[in-house]
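Chemist: Quick one: this structure, given as structure tokens, is what I'll be asking you about.
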Amino acid sequence: MLEQQMTIAGRAETAANTLAVINPATATEFARVPDCSREQLDAAMASASDAFITWRSDEVPRRRALKASAERIREKAGELARLLTLEQGKPLAAATEEIMGSAAWLDYTSTLDIPVEVVQDDATARVEVHRRPLGVVAAITPWNFPVLLAVWKLAPALLAGNTVVLKPSPFTPVTTLALGEALRDVLPTGVFNVVSGGNELGAWMTSHPAVRKISFTGSTATGKHVAASAAADLKRVTLELGGNDAAIVLDDVDPEATAEKLFWSAFANCGQICSAVKRAYVPKDMHTRIASRMAEIASSVKVGDGFEEGVLIGPLNNRPQFDRVGELVADARRSGAKVLAGGEPVGGAGYFFKPTILTGVEEGTRIVDEEQFGPALPVMPYSDVEEAIERANRSSFGLSGSVWGADTDRGASVASRLECGTAWVNQHLAIVPHLPFGGFKHSGIGVENGPWGLMGFTQIQTLNVARQ
Ligand code: NAD
């Protein structure tokens, strides 16, 4: 049985109690991790608070530390990717991409500028606007991209001069704990602490008096609890929450090519991506061609254990999510949906669900209105573009969306009317380190990535020096 330890004050820490971690491809326990106690969390917070005093003062070593962290991740990529496939389920190639992407994110972030703006410099005063760090950041992550999403927080938080206490999801703590271990001798003591535990540990973190900023990625329901907890002592928050992304296909596309791109925009990572396509709106004249081409791909793609050669879609990550996807598909069937592909679990051990294409459903059905976060996509016909835009926007979510068309000006004009944080044309899931990413409405508060994301880990100080 694999055992992975926490990192608190630069040291490896076990705990009195442990939690089991399940390999979703076999539904069996393969690792145990510490269930962090309140006292241990206090120790992590105290260590992060102490480290902040020196870490905040000099930007140069921070940039170097980010680069060194990227290098260490690359050295350990094989081991980290293996752990990630074991606990998350994604194919090994995708796990490797996540780990290498995390290194690339650290490298990119290390080059960002922390600007000082001189707004007045004359005989009466010199006035500068500085971005100061906030202090201890509580970083909380979900189970779909545990390492990458942790690094989205870690890299800008550290560059800005903050220190971090990170808690991964109880479904995927192992690789994040291994990341903490890998960086133990790269980062100064206390700058980066990694603790593991259940949801209660998350709640202790968000209400902890040492924390000045919460950077949270997870569901909208939990995000609301986090915001409420932060409000009690005015902690800053960035919330990256759920999505129910619409893709609108226009009538001048090549249906075959678009069907394939749409398929992977919905089914990458087994559909467990906040900004995956979760609803497709297709012109009614093209609907049968696109939906049936997507169903062909769904039926032919290899689903299986992420360590197996040729597997492109792994299992769902955990039992509750596996059950939920099954329930949403069953509910759609009861509402009259036609299942063009999939529609049921693969069977056998592991949380495998067949890639599923549904037609004959519309708004008012759970799988259209809620976030399915799994391998099942409703493909819906529409009659005119105004109607498609209205239906796409009829959601409390607003993370991202896309428009697909040969005329890219028309595509951009439709995309600009989507109520969401990122509006793509002829692509989806194009997420890169230098562009801001965040949600409208219930999909979040604030953004991550690029200089915009970095600013979220700072607070403005106006330095106003009167000249005698
Ligand atoms: P979740 O909200 O159940 O859990 C996320 C994290 O919050 C976990 O670490 C969990 O232990 C912790 N947590 C639970 N209760 C808490 C509480 N009361 N206080 C503090 N922390 C608490 O989400 P999940 O099921 O792990 O992840 C899936 C969700 O994440 C989906 O809705 C998905 O869309 C969203 N997501 C969003 C983004 C984004 O960037 N917008 C990215 C990935 C995933």
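We label chains A, B, ... in the order they appear in the structure tokens, count residues from 1 in each chain, and number ligands from 1 in the order shown.
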At a cut-off of 6 Å, can you tabulate as JSON lines every residue of chain A near ligand 1 together with its closest atom pair and the distance in Å to one decimal, using only C-alpha atoms and all ligand atoms and ordering rows by chain then number?
Modeler:
```
{"residue": "A:Ile140", "atom": "CA", "partner": "ligand 1", "partner_atom_place_in_ligand_line": "9 (O)", "distance": 5.2}
{"residue": "A:Thr141", "atom": "CA", "partner": "ligand 1", "partner_atom_place_in_ligand_line": "9 (O)", "distance": 4.6}
{"residue": "A:Pro142", "atom": "CA", "partner": "ligand 1", "partner_atom_place_in_ligand_line": "26 (O)", "distance": 3.4}
{"residue": "A:Trp143", "atom": "CA", "partner": "ligand 1", "partner_atom_place_in_ligand_line": "26 (O)", "distance": 4.8}
{"residue": "A:Pro168", "atom": "CA", "partner": "ligand 1", "partner_atom_place_in_ligand_line": "9 (O)", "distance": 4.8}
{"residue": "A:Ser169", "atom": "CA", "partner": "ligand 1", "partner_atom_place_in_ligand_line": "9 (O)", "distance": 3.4}
{"residue": "A:Pro170", "atom": "CA", "partner": "ligand 1", "partner_atom_place_in_ligand_line": "11 (O)", "distance": 5.7}
{"residue": "A:Gly198", "atom": "CA", "partner": "ligand 1", "partner_atom_place_in_ligand_line": "11 (O)", "distance": 5.4}
{"residue": "A:Asn199", "atom": "CA", "partner": "ligand 1", "partner_atom_place_in_ligand_line": "11 (O)", "distance": 3.9}
{"residue": "A:Gly202", "atom": "CA", "partner": "ligand 1", "partner_atom_place_in_ligand_line": "21 (N)", "distance": 3.4}
{"residue": "A:Ala203", "atom": "CA", "partner": "ligand 1", "partner_atom_place_in_ligand_line": "19 (N)", "distance": 3.6}
{"residue": "A:Thr217", "atom": "CA", "partner": "ligand 1", "partner_atom_place_in_ligand_line": "37 (C)", "distance": 5.2}
{"residue": "A:Gly218", "atom": "CA", "partner": "ligand 1", "partner_atom_place_in_ligand_line": "30 (O)", "distance": 3.2}
{"residue": "A:Ser219", "atom": "CA", "partner": "ligand 1", "partner_atom_place_in_ligand_line": "32 (O)", "distance": 3.5}
{"residue": "A:Thr222", "atom": "CA", "partner": "ligand 1", "partner_atom_place_in_ligand_line": "2 (O)", "distance": 4.4}
{"residue": "A:His225", "atom": "CA", "partner": "ligand 1", "partner_atom_place_in_ligand_line": "18 (N)", "distance": 5.5}
{"residue": "A:Val226", "atom": "CA", "partner": "ligand 1", "partner_atom_place_in_ligand_line": "19 (N)", "distance": 5.3}
{"residue": "A:Glu240", "atom": "CA", "partner": "ligand 1", "partner_atom_place_in_ligand_line": "41 (N)", "distance": 3.6}
{"residue": "A:Leu241", "atom": "CA", "partner": "ligand 1", "partner_atom_place_in_ligand_line": "41 (N)", "distance": 4.0}
{"residue": "A:Gly242", "atom": "CA", "partner": "ligand 1", "partner_atom_place_in_ligand_line": "34 (O)", "distance": 3.2}
{"residue": "A:Gly243", "atom": "CA", "partner": "ligand 1", "partner_atom_place_in_ligand_line": "34 (O)", "distance": 5.2}
{"residue": "A:Ile273", "atom": "CA", "partner": "ligand 1", "partner_atom_place_in_ligand_line": "43 (C)", "distance": 5.8}
{"residue": "A:Cys274", "atom": "CA", "partner": "ligand 1", "partner_atom_place_in_ligand_line": "34 (O)", "distance": 3.4}
```
Chemist: Include C-alpha atoms and write out the residues we just selected as a PDB file, in the first residue's frame.
Modeler:
```pdb
ATOM      1  CA  ILE A 140      -8.223  24.291  -2.306  1.00  0.00           C
ATOM      2  CA  THR A 141      -8.490  22.108  -5.412  1.00  0.00           C
ATOM      3  CA  PRO A 142     -10.853  19.567  -7.030  1.00  0.00           C
ATOM      4  CA  TRP A 143     -10.143  16.105  -8.420  1.00  0.00           C
ATOM      5  CA  PRO A 168      -6.190  18.685  -2.595  1.00  0.00           C
ATOM      6  CA  SER A 169      -9.495  16.839  -2.973  1.00  0.00           C
ATOM      7  CA  PRO A 170      -9.822  13.729  -0.782  1.00  0.00           C
ATOM      8  CA  GLY A 198     -11.755  15.515   4.012  1.00  0.00           C
ATOM      9  CA  ASN A 199     -14.109  18.369   3.229  1.00  0.00           C
ATOM     10  CA  GLY A 202     -11.344  22.700   3.695  1.00  0.00           C
ATOM     11  CA  ALA A 203     -13.836  24.419   5.980  1.00  0.00           C
ATOM     12  CA  THR A 217     -11.543  25.639  -7.452  1.00  0.00           C
ATOM     13  CA  GLY A 218     -14.502  23.313  -7.161  1.00  0.00           C
ATOM     14  CA  SER A 219     -18.257  23.144  -7.408  1.00  0.00           C
ATOM     15  CA  THR A 222     -19.020  24.495  -2.202  1.00  0.00           C
ATOM     16  CA  HIS A 225     -19.874  28.004   1.433  1.00  0.00           C
ATOM     17  CA  VAL A 226     -16.325  29.233   0.876  1.00  0.00           C
ATOM     18  CA  GLU A 240     -13.293  29.032 -10.016  1.00  0.00           C
ATOM     19  CA  LEU A 241     -16.545  27.093 -10.034  1.00  0.00           C
ATOM     20  CA  GLY A 242     -18.713  24.883 -12.173  1.00  0.00           C
ATOM     21  CA  GLY A 243     -19.755  25.381 -15.758  1.00  0.00           C
ATOM     22  CA  ILE A 273     -13.488  19.530 -17.175  1.00  0.00           C
ATOM     23  CA  CYS A 274     -15.153  22.634 -15.783  1.00  0.00           C
TER      24      CYS A 274
END
```
Chemist: With DSSP run on the backbone, what are the strand (DSSP E or B) residues within range 138-247 of chain A? I'd like them as number ranges by chain.
Modeler: A: 138-140, 163-167, 192-194, 211-217, 236-240, 245-247
Chemist: Can you list, as a ChimeraX atom specification, every protein, DNA or RNA residue that comes within 12 Å of Ala70 in chain A when you count only C-alpha atoms, leaving out same-chain residues fewer than 3 positions away?
Modeler: /A:63-67,73-77,99-110,148,151,154-155,179,182-183,186-187
Chemist: If you run DSSP over the backbone, which residues in range 79-274 of chain A end up alpha helix (DSSP H)? Put them as a VMD selection string.
Modeler: chain A and resid 79 to 88 92 to 110 146 to 159 174 to 182 199 to 206 220 to 231 255 to 267
Chemist: I'd like to know which of A:Val465, A:Ala330, A:Ala341, A:Phe267 is closest to Ser300 in chain A, using only C-alpha atoms.
Modeler: A:Ala341
Chemist: Set the distance at 8 Å and use only C-alpha atoms: which residues neighbour range 17-22 of chain A once local chain neighbours fewer than 4 positions away are removed? I'd like the list as a VMD selection string.
Modeler: chain A and resid 27 to 36 87 170 to 174 197 318
Chemist: What's around Ala123 in chain A at 10 Å? Count only C-alpha atoms, leave out sequence neighbours fewer than 5 positions away in its own chain, and write the answer as a list in words.
Modeler: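 Once the adjacent positions are removed, what remains is Ala466, Arg467 and Gln468 of chain A.
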Chemist: Emit the selected residues as a compact mmCIF listing (two decimals), in the first residue's frame, including all heavy atoms.
Modeler:
```txt
# COMPACT_ATOMS: atom_id res chain seq x y z
N ALA A 466 5.04 63.14 0.19
CA ALA A 466 5.01 64.59 -0.02
C ALA A 466 6.43 65.14 -0.04
O ALA A 466 7.28 64.69 0.74
CB ALA A 466 4.21 65.25 1.08
N ARG A 467 6.70 66.05 -0.95
CA ARG A 467 8.03 66.67 -0.97
C ARG A 467 7.98 67.93 -0.11
O ARG A 467 7.05 68.73 -0.21
CB ARG A 467 8.41 66.99 -2.41
CG ARG A 467 8.54 65.68 -3.24
CD ARG A 467 9.78 65.68 -4.12
NE ARG A 467 10.23 64.33 -4.42
CZ ARG A 467 9.98 63.70 -5.57
NH1 ARG A 467 9.30 64.28 -6.53
NH2 ARG A 467 10.46 62.50 -5.77
N GLN A 468 8.98 68.10 0.72
CA GLN A 468 8.99 69.25 1.65
C GLN A 468 9.12 70.56 0.88
O GLN A 468 9.83 70.63 -0.08
CB GLN A 468 10.17 69.12 2.61
CG GLN A 468 10.14 67.86 3.46
CD GLN A 468 9.00 67.82 4.46
OE1 GLN A 468 8.42 68.84 4.75
NE2 GLN A 468 8.66 66.65 4.94
```
Chemist: Grab the CA of Ile297 in chain A to CA of Gly314 in chain A distance for me, in Å with one decimal place.
Modeler: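 Distance reported for this atom pair: 15.4 Å.
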Chemist: Quick one: residues within 8 Å of Leu92 in chain A, only C-alpha atoms, excluding same-chain residues fewer than 5 positions away - as number ranges by chain?
Modeler: A: 81-82, 85, 306-307
Chemist: Suppose we keep C-alpha atoms; can you now write the selection as a PDB file, in the first residue's frame?
Modeler:
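result_9.pdb was written with the following content:
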```pdb
ATOM      1  CA  ALA A  81       2.261  11.185 -13.933  1.00  0.00           C
ATOM      2  CA  ARG A  82       2.027   7.559 -12.812  1.00  0.00           C
ATOM      3  CA  THR A  85      -3.189   8.124 -13.506  1.00  0.00           C
ATOM      4  CA  GLY A 306      -5.306   4.822 -18.195  1.00  0.00           C
ATOM      5  CA  PHE A 307      -2.219   2.600 -18.195  1.00  0.00           C
TER       6      PHE A 307
END
```
Chemist: Tell me, as a list in words, which residues lie within 10 Å of Val403 in chain A, counting only C-alpha atoms; anything in the same chain fewer than 3 positions away does not count.
Modeler: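 Counting only the stated atoms, we get Ala246, Ala247, Ile248, Val249, Leu250, Ala280, Tyr281, Ile389, Thr408, Arg410, Gly411, Ala412, Ser413, Val414, Ala415, Ser416, Leu418, Ala423, Trp424, Val425, Asn426, Gln427 and His428 of chain A.
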Chemist: Counting only C-alpha atoms, which residue out of A:Pro345, A:Thr220, A:Ala46, A:Val211 sits closest to Asp233 in chain A?
Modeler: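 Among the listed residues, A:Val211 lies closest to Asp233 in chain A.
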Chemist: Which residue is closest to Thr7 in chain A? Choose from A:Gly398, A:Gly439, A:Gly190, A:Pro255 and count only C-alpha atoms.
Modeler: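 When distances to Thr7 in chain A are compared using only C-alpha atoms, the smallest one comes from A:Gly190.
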